[in-house]
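Accompanying notes for the structure given below.
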Amino acid sequence: MLNPFRSWIVGDAWEVPEADVGEIGRQAFDACRRAIATTLAEQRTTAVLVRGEPGSGKTHLMRRLRAHLAQSPDERLRETLFVYIRVSTTPKMIWRHLRRRIADDLMRATPDGSLQLESLVYRVLASEGSHGHMLDRWKRELPGGLPWNERAFARALGVMLRRVPESDLAWLDIFDHLEGEAGLPPGLVKALRSLVHRRDLGLVRAWLRGDSLTGEDLGKLGIAEDSTEEEDPEYAAREMVLTLARLAGARMPMVLCFDQVEALETNPGELSGFLAFGAAVSTLHAETTNLVLISCMQSSMEPMFRKADYDRIAEQKAHLPLLGRQDALRLVNARLEAAGPGVVWAPPTEFDSVFDALGLASARKVLAKAAELFDGGRPPGPPASIAAFLQQEWDSRVEGAVEAISQGDIDEVLDQGVQALIAAVARGKWKAKSSAGDIDFRLESPTAQIDVSLCNQRNMNSLAARLRRLGGPARNGRTARLVLLRDPRLAIGKHARATRRYLDDLSQAGARVVHPSIEALQALEALRTLLADARSGDLTRDGSPIGPETVQDWIAQNLPSCLADLMENITGSETPSPVNAQLREDLLALLEGRCLMTLEEAASEMRQEASVVRQLVLASPDLAGLMEGPPALLYRLVPTARG
């Protein structure tokens, strides 16, 4: 029989709801509901701070709130936009992180099959169409007998736009109105037009997230390149977040749930992440009228914030208490009922050992104890050591990292992952610090400084502009060595002559170009999520939390070779074996289009000897895979799940 208590950690507020006990966390749940009601009634942004110990059910509460909104008989609540954000990022990327997570959730499907953002756009179009001559024009074109009601009109409009070819909608000039009188950015209007007509949804999502798109992909959306976004991506992300919030306006409130806030403490006592988060929440609170900002964190986090920011975050306070015996039994019985009528079990007397001296326990510990006792008082196998548990977690997260590193999150993986790697492995030797401009972070040791710039732009104009700035007057007089990190799967084509020239100039000036291997990228993603869960108290073994120091020690003792190589490539003083950058990019460009080809074909198209191409691949294993054959084959590297 399956153990109904084994899955006690809620990883995401979008997961399908399991057994729920309404009495548990009622005060915090009602505080969130009141905040939403206030935003609806008074058209002002509200904020709730939900505090609780690790395992008290903060993420579960967010899942309950999402389900409540989706199933509410009140149409205004069902229309409320919902966004869940794990705050696992670095101070310099806080707005970009918020932008990506908001875009991801707005592009999620609603119960009727439309996307959250689609529903919002239909309401905006219906509202804008209700003014003046536009309404009369629309009524003539839309099916007869349509009752005038903005919500009903928006739904009907959505159905029509999905069914009618765009070429038949020349009369629909409302998008021009949005760009003109409504003042939306031209790029956003173009993206929303593509969204409504279900064109290139993957590109729409990527653009909304702020991912770097090639000129060709931008052309498909009809969006012009914006050089200012690359020069200050944090400001651009901030403006996009505020614009999307204002777009919803009073029509559809947006709930932003911030979870795992503790993960912002990258080093003990480090406040920069909390200061950046607090400033972002204060900005959202001050410059919008339709948001509900729910922050979930442990009670000990209050001293980490500026007072003014904390007052905004904690406009209302709610507490998730530990469970007494009565609520603990309610939780156990709810899990049993959800498992089916054939599952019968009564907690034995040993169950009471889960409670502390005050008779209290976290929901996580209650479920962990019930899981143990349900199996006869022992785990389903020999007890795993902490090291074995962490190895199992590591392997699982490396496998799950495939999706994360293929969705435009490479900058965040490298930014947070490399700094986490430095903190875990190079303690006392190197220290990571935030930086400014095109330098994403700086590594410092007693004898050296290294400036690290993330150069993962797919758009060659954006990449060329960054490389030009990195090699410009701003670098004169600096003693720090420059390291450029770039995804090994991103080729710089032959036609990107300016980009190649700037890259060569930087290399000649002493900059080191590092292409982390695919395995290293997956390992960095595993490392940063493992540490984020540990800092938040969500990394548990049999219900007991494992702290970040334990994780760091384990990483240092079990460092994968791919991460050791990456560390050496970034911080090593020796000059690495030279690799012809032009040939490297030529081969990457070939494999980008072909995926698989013989060594002889590649050599012929590159106008090189096969032995030269073979040596190129052997000298840079992050570049391509080689199967000796015969015939010898080259293949493009892509992230793959293990096992």
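Ordering of the structure tokens sets the chain letters (A, B, ...); residue numbers start at 1 within each chain; ligands are numbered from 1 in the order shown.
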Where does DSSP see alpha helix (DSSP H) in stretch 395-597 of chain A, if you list the residues as an mmCIF file with N, CA and C atoms, in the first residue's frame?
```
data_model
loop_
_atom_site.group_PDB
_atom_site.id
_atom_site.type_symbol
_atom_site.label_atom_id
_atom_site.label_comp_id
_atom_site.auth_asym_id
_atom_site.auth_seq_id
_atom_site.Cartn_x
_atom_site.Cartn_y
_atom_site.Cartn_z
ATOM 1 N N ASP A 395 21.613 14.191 -7.547
ATOM 2 C CA ASP A 395 21.368 13.490 -8.807
ATOM 3 C C ASP A 395 20.003 13.857 -9.382
ATOM 4 N N SER A 396 18.999 13.947 -8.507
ATOM 5 C CA SER A 396 17.654 14.295 -8.963
ATOM 6 C C SER A 396 17.610 15.704 -9.529
ATOM 7 N N ARG A 397 18.300 16.629 -8.884
ATOM 8 C CA ARG A 397 18.258 18.019 -9.342
ATOM 9 C C ARG A 397 19.079 18.224 -10.606
ATOM 10 N N VAL A 398 20.183 17.514 -10.743
ATOM 11 C CA VAL A 398 20.947 17.599 -11.988
ATOM 12 C C VAL A 398 20.088 17.136 -13.152
ATOM 13 N N GLU A 399 19.360 16.054 -12.945
ATOM 14 C CA GLU A 399 18.475 15.554 -14.006
ATOM 15 C C GLU A 399 17.361 16.551 -14.303
ATOM 16 N N GLY A 400 16.801 17.166 -13.262
ATOM 17 C CA GLY A 400 15.722 18.138 -13.460
ATOM 18 C C GLY A 400 16.186 19.466 -14.004
ATOM 19 N N ALA A 401 17.519 19.696 -14.017
ATOM 20 C CA ALA A 401 18.043 20.976 -14.483
ATOM 21 C C ALA A 401 17.945 21.135 -15.990
ATOM 22 N N VAL A 402 17.663 20.065 -16.709
ATOM 23 C CA VAL A 402 17.600 20.130 -18.166
ATOM 24 C C VAL A 402 16.632 21.207 -18.622
ATOM 25 N N GLU A 403 15.453 21.229 -18.016
ATOM 26 C CA GLU A 403 14.438 22.199 -18.433
ATOM 27 C C GLU A 403 14.855 23.616 -18.084
ATOM 28 N N ALA A 404 15.410 23.808 -16.892
ATOM 29 C CA ALA A 404 15.742 25.159 -16.434
ATOM 30 C C ALA A 404 16.778 25.823 -17.317
ATOM 31 N N ILE A 410 19.860 31.099 -18.412
ATOM 32 C CA ILE A 410 21.290 30.843 -18.295
ATOM 33 C C ILE A 410 21.981 31.921 -17.470
ATOM 34 N N ASP A 411 21.648 33.179 -17.681
ATOM 35 C CA ASP A 411 22.299 34.249 -16.920
ATOM 36 C C ASP A 411 22.113 34.049 -15.422
ATOM 37 N N GLU A 412 20.899 33.708 -15.021
ATOM 38 C CA GLU A 412 20.635 33.530 -13.596
ATOM 39 C C GLU A 412 21.332 32.288 -13.054
ATOM 40 N N VAL A 413 21.364 31.221 -13.850
ATOM 41 C CA VAL A 413 22.065 30.011 -13.440
ATOM 42 C C VAL A 413 23.540 30.312 -13.213
ATOM 43 N N LEU A 414 24.161 31.042 -14.146
ATOM 44 C CA LEU A 414 25.582 31.363 -14.014
ATOM 45 C C LEU A 414 25.826 32.378 -12.903
ATOM 46 N N ASP A 415 24.999 33.409 -12.843
ATOM 47 C CA ASP A 415 25.204 34.463 -11.857
ATOM 48 C C ASP A 415 25.114 33.910 -10.434
ATOM 49 N N GLN A 416 24.023 33.253 -10.133
ATOM 50 C CA GLN A 416 23.845 32.731 -8.786
ATOM 51 C C GLN A 416 24.650 31.457 -8.561
ATOM 52 N N GLY A 417 24.734 30.612 -9.604
ATOM 53 C CA GLY A 417 25.419 29.339 -9.456
ATOM 54 C C GLY A 417 26.912 29.484 -9.231
ATOM 55 N N VAL A 418 27.573 30.338 -10.017
ATOM 56 C CA VAL A 418 29.019 30.508 -9.854
ATOM 57 C C VAL A 418 29.324 31.129 -8.493
ATOM 58 N N GLN A 419 28.520 32.119 -8.086
ATOM 59 C CA GLN A 419 28.766 32.725 -6.778
ATOM 60 C C GLN A 419 28.533 31.717 -5.647
ATOM 61 N N ALA A 420 27.538 30.846 -5.801
ATOM 62 C CA ALA A 420 27.314 29.800 -4.797
ATOM 63 C C ALA A 420 28.472 28.809 -4.794
ATOM 64 N N LEU A 421 28.993 28.498 -5.966
ATOM 65 C CA LEU A 421 30.135 27.593 -6.073
ATOM 66 C C LEU A 421 31.354 28.181 -5.372
ATOM 67 N N ILE A 422 31.609 29.465 -5.600
ATOM 68 C CA ILE A 422 32.738 30.137 -4.956
ATOM 69 C C ILE A 422 32.583 30.093 -3.432
ATOM 70 N N ALA A 423 31.361 30.371 -2.962
ATOM 71 C CA ALA A 423 31.121 30.393 -1.519
ATOM 72 C C ALA A 423 31.316 29.017 -0.891
ATOM 73 N N ALA A 424 30.980 27.961 -1.632
ATOM 74 C CA ALA A 424 31.064 26.611 -1.079
ATOM 75 C C ALA A 424 32.472 26.034 -1.145
ATOM 76 N N VAL A 425 33.192 26.339 -2.218
ATOM 77 C CA VAL A 425 34.450 25.642 -2.484
ATOM 78 C C VAL A 425 35.673 26.503 -2.194
ATOM 79 N N MET A 460 22.990 39.321 -31.895
ATOM 80 C CA MET A 460 24.375 39.692 -32.153
ATOM 81 C C MET A 460 24.622 41.186 -31.976
ATOM 82 N N ASN A 461 23.641 42.025 -32.255
ATOM 83 C CA ASN A 461 23.823 43.463 -32.039
ATOM 84 C C ASN A 461 23.987 43.765 -30.544
ATOM 85 N N SER A 462 23.178 43.095 -29.732
ATOM 86 C CA SER A 462 23.286 43.297 -28.282
ATOM 87 C C SER A 462 24.619 42.782 -27.759
ATOM 88 N N LEU A 463 25.034 41.606 -28.251
ATOM 89 C CA LEU A 463 26.305 41.053 -27.807
ATOM 90 C C LEU A 463 27.461 41.947 -28.238
ATOM 91 N N ALA A 464 27.422 42.416 -29.483
ATOM 92 C CA ALA A 464 28.492 43.291 -29.967
ATOM 93 C C ALA A 464 28.574 44.562 -29.132
ATOM 94 N N ALA A 465 27.423 45.116 -28.765
ATOM 95 C CA ALA A 465 27.418 46.349 -27.972
ATOM 96 C C ALA A 465 28.048 46.118 -26.600
ATOM 97 N N ARG A 466 27.731 44.983 -25.986
ATOM 98 C CA ARG A 466 28.328 44.691 -24.670
ATOM 99 C C ARG A 466 29.836 44.481 -24.802
ATOM 100 N N LEU A 467 30.269 43.722 -25.786
ATOM 101 C CA LEU A 467 31.703 43.485 -25.964
ATOM 102 C C LEU A 467 32.444 44.785 -26.253
ATOM 103 N N ARG A 468 31.814 45.660 -27.035
ATOM 104 C CA ARG A 468 32.446 46.954 -27.328
ATOM 105 C C ARG A 468 32.604 47.775 -26.056
ATOM 106 N N ARG A 469 31.564 47.782 -25.214
ATOM 107 C CA ARG A 469 31.662 48.543 -23.967
ATOM 108 C C ARG A 469 32.714 47.942 -23.030
ATOM 109 N N LEU A 470 32.781 46.601 -22.995
ATOM 110 C CA LEU A 470 33.765 45.952 -22.131
ATOM 111 C C LEU A 470 35.194 46.283 -22.536
ATOM 112 N N ARG A 497 30.377 39.840 -37.966
ATOM 113 C CA ARG A 497 31.797 40.208 -38.056
ATOM 114 C C ARG A 497 32.197 41.148 -36.931
ATOM 115 N N ALA A 498 31.345 42.133 -36.633
ATOM 116 C CA ALA A 498 31.691 43.090 -35.575
ATOM 117 C C ALA A 498 31.798 42.375 -34.230
ATOM 118 N N THR A 499 30.872 41.458 -33.974
ATOM 119 C CA THR A 499 30.899 40.720 -32.704
ATOM 120 C C THR A 499 32.180 39.916 -32.583
ATOM 121 N N ARG A 500 32.533 39.210 -33.649
ATOM 122 C CA ARG A 500 33.764 38.421 -33.621
ATOM 123 C C ARG A 500 34.988 39.316 -33.432
ATOM 124 N N ARG A 501 34.978 40.458 -34.070
ATOM 125 C CA ARG A 501 36.130 41.354 -33.961
ATOM 126 C C ARG A 501 36.298 41.861 -32.535
ATOM 127 N N TYR A 502 35.171 42.274 -31.905
ATOM 128 C CA TYR A 502 35.251 42.757 -30.527
ATOM 129 C C TYR A 502 35.714 41.648 -29.587
ATOM 130 N N LEU A 503 35.239 40.420 -29.844
ATOM 131 C CA LEU A 503 35.634 39.296 -29.001
ATOM 132 C C LEU A 503 37.128 39.014 -29.150
ATOM 133 N N ASP A 504 37.610 39.062 -30.392
ATOM 134 C CA ASP A 504 39.040 38.861 -30.614
ATOM 135 C C ASP A 504 39.858 39.951 -29.940
ATOM 136 N N ASP A 505 39.397 41.192 -30.034
ATOM 137 C CA ASP A 505 40.125 42.304 -29.410
ATOM 138 C C ASP A 505 40.233 42.099 -27.895
ATOM 139 N N LEU A 506 39.137 41.667 -27.279
ATOM 140 C CA LEU A 506 39.163 41.429 -25.833
ATOM 141 C C LEU A 506 40.110 40.280 -25.486
ATOM 142 N N SER A 507 40.083 39.220 -26.299
ATOM 143 C CA SER A 507 40.975 38.087 -26.045
ATOM 144 C C SER A 507 42.429 38.519 -26.170
ATOM 145 N N GLN A 508 42.719 39.320 -27.185
ATOM 146 C CA GLN A 508 44.087 39.804 -27.370
ATOM 147 C C GLN A 508 44.521 40.682 -26.200
ATOM 148 N N ILE A 518 27.998 21.686 -20.709
ATOM 149 C CA ILE A 518 26.587 21.424 -20.412
ATOM 150 C C ILE A 518 26.441 20.802 -19.026
ATOM 151 N N GLU A 519 27.348 19.868 -18.696
ATOM 152 C CA GLU A 519 27.302 19.225 -17.383
ATOM 153 C C GLU A 519 27.500 20.250 -16.268
ATOM 154 N N ALA A 520 28.385 21.223 -16.504
ATOM 155 C CA ALA A 520 28.618 22.250 -15.487
ATOM 156 C C ALA A 520 27.384 23.125 -15.294
ATOM 157 N N LEU A 521 26.683 23.455 -16.377
ATOM 158 C CA LEU A 521 25.473 24.264 -16.265
ATOM 159 C C LEU A 521 24.406 23.522 -15.460
ATOM 160 N N GLN A 522 24.252 22.237 -15.723
ATOM 161 C CA GLN A 522 23.268 21.455 -14.969
ATOM 162 C C GLN A 522 23.663 21.374 -13.492
ATOM 163 N N ALA A 523 24.958 21.219 -13.237
ATOM 164 C CA ALA A 523 25.422 21.129 -11.853
ATOM 165 C C ALA A 523 25.237 22.460 -11.121
ATOM 166 N N LEU A 524 25.461 23.581 -11.802
ATOM 167 C CA LEU A 524 25.253 24.895 -11.178
ATOM 168 C C LEU A 524 23.788 25.095 -10.810
ATOM 169 N N GLU A 525 22.886 24.655 -11.687
ATOM 170 C CA GLU A 525 21.459 24.773 -11.390
ATOM 171 C C GLU A 525 21.094 23.916 -10.184
ATOM 172 N N ALA A 526 21.645 22.701 -10.124
ATOM 173 C CA ALA A 526 21.394 21.836 -8.971
ATOM 174 C C ALA A 526 21.934 22.477 -7.695
ATOM 175 N N LEU A 527 23.114 23.066 -7.769
ATOM 176 C CA LEU A 527 23.744 23.670 -6.600
ATOM 177 C C LEU A 527 22.923 24.834 -6.069
ATOM 178 N N ARG A 528 22.469 25.713 -6.954
ATOM 179 C CA ARG A 528 21.776 26.902 -6.466
ATOM 180 C C ARG A 528 20.393 26.562 -5.905
ATOM 181 N N THR A 529 19.704 25.587 -6.480
ATOM 182 C CA THR A 529 18.391 25.210 -5.935
ATOM 183 C C THR A 529 18.548 24.451 -4.619
ATOM 184 N N LEU A 530 19.587 23.634 -4.520
ATOM 185 C CA LEU A 530 19.823 22.903 -3.281
ATOM 186 C C LEU A 530 20.095 23.866 -2.129
ATOM 187 N N LEU A 531 20.934 24.876 -2.383
ATOM 188 C CA LEU A 531 21.251 25.853 -1.344
ATOM 189 C C LEU A 531 20.046 26.737 -1.016
ATOM 190 N N ALA A 532 19.258 27.095 -2.019
ATOM 191 C CA ALA A 532 18.072 27.914 -1.770
ATOM 192 C C ALA A 532 17.097 27.179 -0.854
ATOM 193 N N ASP A 533 16.888 25.892 -1.112
ATOM 194 C CA ASP A 533 15.998 25.102 -0.253
ATOM 195 C C ASP A 533 16.572 24.970 1.157
ATOM 196 N N ALA A 534 17.893 24.819 1.239
ATOM 197 C CA ALA A 534 18.518 24.689 2.560
ATOM 198 C C ALA A 534 18.373 25.976 3.362
ATOM 199 N N ARG A 535 18.565 27.122 2.721
ATOM 200 C CA ARG A 535 18.445 28.402 3.427
ATOM 201 C C ARG A 535 17.012 28.658 3.877
ATOM 202 N N PRO A 548 22.387 25.151 5.163
ATOM 203 C CA PRO A 548 23.258 25.450 4.015
ATOM 204 C C PRO A 548 24.727 25.134 4.277
ATOM 205 N N GLU A 549 25.185 25.268 5.517
ATOM 206 C CA GLU A 549 26.589 24.956 5.805
ATOM 207 C C GLU A 549 26.875 23.481 5.540
ATOM 208 N N THR A 550 25.920 22.619 5.902
ATOM 209 C CA THR A 550 26.092 21.186 5.642
ATOM 210 C C THR A 550 26.156 20.916 4.147
ATOM 211 N N VAL A 551 25.295 21.589 3.392
ATOM 212 C CA VAL A 551 25.299 21.419 1.931
ATOM 213 C C VAL A 551 26.622 21.902 1.345
ATOM 214 N N GLN A 552 27.103 23.055 1.795
ATOM 215 C CA GLN A 552 28.361 23.580 1.282
ATOM 216 C C GLN A 552 29.523 22.641 1.585
ATOM 217 N N ASP A 553 29.543 22.095 2.788
ATOM 218 C CA ASP A 553 30.605 21.151 3.141
ATOM 219 C C ASP A 553 30.546 19.912 2.247
ATOM 220 N N TRP A 554 29.342 19.421 1.998
ATOM 221 C CA TRP A 554 29.204 18.230 1.161
ATOM 222 C C TRP A 554 29.653 18.525 -0.270
ATOM 223 N N ILE A 555 29.279 19.693 -0.782
ATOM 224 C CA ILE A 555 29.703 20.077 -2.135
ATOM 225 C C ILE A 555 31.227 20.135 -2.208
ATOM 226 N N ALA A 556 31.849 20.761 -1.211
ATOM 227 C CA ALA A 556 33.310 20.888 -1.213
ATOM 228 C C ALA A 556 33.990 19.524 -1.205
ATOM 229 N N GLN A 557 33.385 18.545 -0.525
ATOM 230 C CA GLN A 557 33.982 17.218 -0.425
ATOM 231 C C GLN A 557 33.638 16.320 -1.618
ATOM 232 N N SER A 561 33.763 16.901 -11.222
ATOM 233 C CA SER A 561 34.896 17.356 -12.031
ATOM 234 C C SER A 561 34.514 18.505 -12.958
ATOM 235 N N CYS A 562 33.251 18.511 -13.427
ATOM 236 C CA CYS A 562 32.838 19.591 -14.336
ATOM 237 C C CYS A 562 32.869 20.945 -13.630
ATOM 238 N N LEU A 563 32.527 20.977 -12.326
ATOM 239 C CA LEU A 563 32.575 22.232 -11.589
ATOM 240 C C LEU A 563 34.004 22.586 -11.185
ATOM 241 N N ALA A 564 34.805 21.564 -10.903
ATOM 242 C CA ALA A 564 36.216 21.838 -10.612
ATOM 243 C C ALA A 564 36.894 22.453 -11.832
ATOM 244 N N ASP A 565 36.597 21.925 -13.006
ATOM 245 C CA ASP A 565 37.166 22.476 -14.236
ATOM 246 C C ASP A 565 36.696 23.910 -14.458
ATOM 247 N N LEU A 566 35.413 24.161 -14.202
ATOM 248 C CA LEU A 566 34.885 25.507 -14.381
ATOM 249 C C LEU A 566 35.565 26.484 -13.423
ATOM 250 N N MET A 567 35.737 26.085 -12.178
ATOM 251 C CA MET A 567 36.432 26.925 -11.202
ATOM 252 C C MET A 567 37.828 27.272 -11.686
ATOM 253 N N GLU A 568 38.535 26.271 -12.175
ATOM 254 C CA GLU A 568 39.907 26.491 -12.637
ATOM 255 C C GLU A 568 39.930 27.414 -13.849
ATOM 256 N N ASN A 569 38.973 27.235 -14.760
ATOM 257 C CA ASN A 569 38.927 28.081 -15.955
ATOM 258 C C ASN A 569 38.648 29.538 -15.612
ATOM 259 N N ILE A 570 37.865 29.769 -14.540
ATOM 260 C CA ILE A 570 37.532 31.141 -14.160
ATOM 261 C C ILE A 570 38.632 31.766 -13.314
ATOM 262 N N THR A 571 39.129 31.032 -12.328
ATOM 263 C CA THR A 571 40.052 31.626 -11.350
ATOM 264 C C THR A 571 41.509 31.253 -11.564
ATOM 265 N N ALA A 581 39.429 30.941 -31.851
ATOM 266 C CA ALA A 581 38.060 31.398 -31.605
ATOM 267 C C ALA A 581 37.230 31.401 -32.876
ATOM 268 N N GLN A 582 37.855 31.775 -34.001
ATOM 269 C CA GLN A 582 37.102 31.821 -35.261
ATOM 270 C C GLN A 582 36.653 30.419 -35.670
ATOM 271 N N LEU A 583 37.568 29.443 -35.576
ATOM 272 C CA LEU A 583 37.193 28.070 -35.930
ATOM 273 C C LEU A 583 36.134 27.530 -34.984
ATOM 274 N N ARG A 584 36.273 27.884 -33.718
ATOM 275 C CA ARG A 584 35.301 27.426 -32.729
ATOM 276 C C ARG A 584 33.894 27.888 -33.093
ATOM 277 N N GLU A 585 33.757 29.167 -33.405
ATOM 278 C CA GLU A 585 32.440 29.710 -33.745
ATOM 279 C C GLU A 585 31.943 29.149 -35.066
ATOM 280 N N ASP A 586 32.852 28.898 -36.020
ATOM 281 C CA ASP A 586 32.437 28.312 -37.296
ATOM 282 C C ASP A 586 31.828 26.930 -37.087
ATOM 283 N N LEU A 587 32.480 26.127 -36.244
ATOM 284 C CA LEU A 587 31.958 24.786 -36.000
ATOM 285 C C LEU A 587 30.648 24.840 -35.225
ATOM 286 N N LEU A 588 30.549 25.730 -34.245
ATOM 287 C CA LEU A 588 29.293 25.873 -33.504
ATOM 288 C C LEU A 588 28.148 26.246 -34.439
ATOM 289 N N ALA A 589 28.425 27.180 -35.368
ATOM 290 C CA ALA A 589 27.389 27.617 -36.306
ATOM 291 C C ALA A 589 26.948 26.467 -37.202
ATOM 292 N N LEU A 590 27.903 25.627 -37.638
ATOM 293 C CA LEU A 590 27.545 24.475 -38.457
ATOM 294 C C LEU A 590 26.636 23.517 -37.696
ATOM 295 N N LEU A 591 27.019 23.197 -36.464
ATOM 296 C CA LEU A 591 26.248 22.239 -35.687
ATOM 297 C C LEU A 591 24.908 22.807 -35.234
ATOM 298 N N GLU A 592 24.830 24.130 -35.101
ATOM 299 C CA GLU A 592 23.559 24.750 -34.736
ATOM 300 C C GLU A 592 22.494 24.452 -35.782
ATOM 301 N N GLY A 593 22.905 24.428 -37.045
ATOM 302 C CA GLY A 593 21.935 24.186 -38.118
ATOM 303 C C GLY A 593 21.776 22.726 -38.487
ATOM 304 N N ARG A 594 22.820 21.898 -38.247
ATOM 305 C CA ARG A 594 22.795 20.525 -38.731
ATOM 306 C C ARG A 594 22.667 19.491 -37.616
#
```
Requested in this report: Could you check how far atom CA of A:Asn456 sits from atom CA of A:Met606, in Å to one decimal?
Outcome: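 Computing the Euclidean distance for atom CA of A:Asn456 and atom CA of A:Met606 yields 24.1 Å.
With distances restricted to only C-alpha atoms, A:Arg44 is the closest residue to A:Glu287 from A:Lys307, A:Arg99, A:Arg44, A:Arg481.
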Query - Contact residues around A:Leu213 with only C-alpha atoms at 12 Å, ignoring same-chain residues under 4 positions, as a VMD selection string - result: chain A and resid 202 to 209 217 to 221 223 to 226 230 408 456 to 463 490
Can I get the selected residues back with C-alpha atoms, as an mmCIF file, in the first residue's frame?
```
data_model
loop_
_atom_site.group_PDB
_atom_site.id
_atom_site.type_symbol
_atom_site.label_atom_id
_atom_site.label_comp_id
_atom_site.auth_asym_id
_atom_site.auth_seq_id
_atom_site.Cartn_x
_atom_site.Cartn_y
_atom_site.Cartn_z
ATOM 1 C CA GLY A 202 7.074 30.759 -27.635
ATOM 2 C CA LEU A 203 8.669 33.966 -28.918
ATOM 3 C CA VAL A 204 6.014 36.092 -27.197
ATOM 4 C CA ARG A 205 6.798 34.408 -23.900
ATOM 5 C CA ALA A 206 10.540 34.783 -24.410
ATOM 6 C CA TRP A 207 10.202 38.478 -25.248
ATOM 7 C CA LEU A 208 7.979 39.138 -22.245
ATOM 8 C CA ARG A 209 10.564 37.400 -20.045
ATOM 9 C CA ASP A 217 12.885 36.280 -34.163
ATOM 10 C CA LEU A 218 12.178 39.916 -33.312
ATOM 11 C CA GLY A 219 11.183 40.394 -36.953
ATOM 12 C CA LYS A 220 8.602 37.621 -36.653
ATOM 13 C CA LEU A 221 6.989 39.581 -33.828
ATOM 14 C CA ILE A 223 9.372 44.300 -32.754
ATOM 15 C CA ALA A 224 12.298 46.642 -33.264
ATOM 16 C CA GLU A 225 15.554 46.024 -31.424
ATOM 17 C CA ASP A 226 15.979 48.115 -28.274
ATOM 18 C CA GLU A 230 20.715 45.664 -23.081
ATOM 19 C CA GLY A 408 16.478 31.470 -21.199
ATOM 20 C CA ASN A 456 24.748 34.984 -23.364
ATOM 21 C CA GLN A 457 22.927 37.270 -25.767
ATOM 22 C CA ARG A 458 21.449 35.533 -28.786
ATOM 23 C CA ASN A 459 21.067 38.877 -30.481
ATOM 24 C CA MET A 460 24.375 39.692 -32.153
ATOM 25 C CA ASN A 461 23.823 43.463 -32.039
ATOM 26 C CA SER A 462 23.286 43.297 -28.282
ATOM 27 C CA LEU A 463 26.305 41.053 -27.807
ATOM 28 C CA LEU A 490 25.373 29.786 -28.617
#
```
Query - Proximity to A:Leu2 - best of A:Arg78, A:Arg335, A:His197, A:Arg123, only C-alpha atoms - result: A:Arg335
Requested in this report: Just give me the gap between atom CA of A:Ala279 and atom CA of A:Ile450 in Å, one decimal is fine.
Outcome: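 Taking atom CA of A:Ala279 as the start and atom CA of A:Ile450 as the end point, the length is 28.2 Å.
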Query raised in the report: What is the distance, in Å and to one decimal place, between atom CA of A:Ala480 and atom CA of A:Thr90?
Result: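 Between atom CA of A:Ala480 and atom CA of A:Thr90 the gap works out to 21.5 Å.
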**Report entry** Selection near stretch 429-432 of chain A, 6 Å with only C-alpha atoms, sequence-local residues under 2 positions removed, as an MDAnalysis selection string
**Finding:** chainID A and resid 419 426:427 442:445
Prev. selection, N, CA, C and O atoms, output as a PDB file, in the first residue's frame:
```pdb
ATOM      1  N   GLN A 419      28.520  32.119  -8.086  1.00  0.00           N
ATOM      2  CA  GLN A 419      28.766  32.725  -6.778  1.00  0.00           C
ATOM      3  C   GLN A 419      28.533  31.717  -5.647  1.00  0.00           C
ATOM      4  O   GLN A 419      29.261  31.715  -4.644  1.00  0.00           O
ATOM      5  N   ALA A 426      35.573  27.799  -2.435  1.00  0.00           N
ATOM      6  CA  ALA A 426      36.754  28.659  -2.332  1.00  0.00           C
ATOM      7  C   ALA A 426      36.717  29.541  -1.098  1.00  0.00           C
ATOM      8  O   ALA A 426      37.240  30.651  -1.092  1.00  0.00           O
ATOM      9  N   ARG A 427      36.090  29.066  -0.020  1.00  0.00           N
ATOM     10  CA  ARG A 427      36.007  29.853   1.203  1.00  0.00           C
ATOM     11  C   ARG A 427      37.400  30.192   1.726  1.00  0.00           C
ATOM     12  O   ARG A 427      38.243  29.317   1.891  1.00  0.00           O
ATOM     13  N   ARG A 442      32.075  40.436  -9.225  1.00  0.00           N
ATOM     14  CA  ARG A 442      33.529  40.445  -9.107  1.00  0.00           C
ATOM     15  C   ARG A 442      33.952  39.384  -8.098  1.00  0.00           C
ATOM     16  O   ARG A 442      33.326  39.220  -7.045  1.00  0.00           O
ATOM     17  N   LEU A 443      35.033  38.685  -8.424  1.00  0.00           N
ATOM     18  CA  LEU A 443      35.651  37.734  -7.509  1.00  0.00           C
ATOM     19  C   LEU A 443      36.939  38.358  -6.979  1.00  0.00           C
ATOM     20  O   LEU A 443      37.756  38.864  -7.754  1.00  0.00           O
ATOM     21  N   GLU A 444      37.103  38.304  -5.656  1.00  0.00           N
ATOM     22  CA  GLU A 444      38.279  38.909  -5.038  1.00  0.00           C
ATOM     23  C   GLU A 444      38.991  37.887  -4.168  1.00  0.00           C
ATOM     24  O   GLU A 444      38.363  37.116  -3.444  1.00  0.00           O
ATOM     25  N   SER A 445      40.312  37.897  -4.255  1.00  0.00           N
ATOM     26  CA  SER A 445      41.168  37.115  -3.374  1.00  0.00           C
ATOM     27  C   SER A 445      42.201  38.072  -2.785  1.00  0.00           C
ATOM     28  O   SER A 445      42.275  39.240  -3.195  1.00  0.00           O
TER      29      SER A 445
END
```
Report task. Please identify all polymer residues within 12 Å of A:Leu293, counting only C-alpha atoms, omitting same-chain residues fewer than 4 positions from it, and present them as a ChimeraX atom specification. Result -> /A:31-33,35-36,39,44-50,62,82-85,245,253-259,278,280-286,288-289,312-317
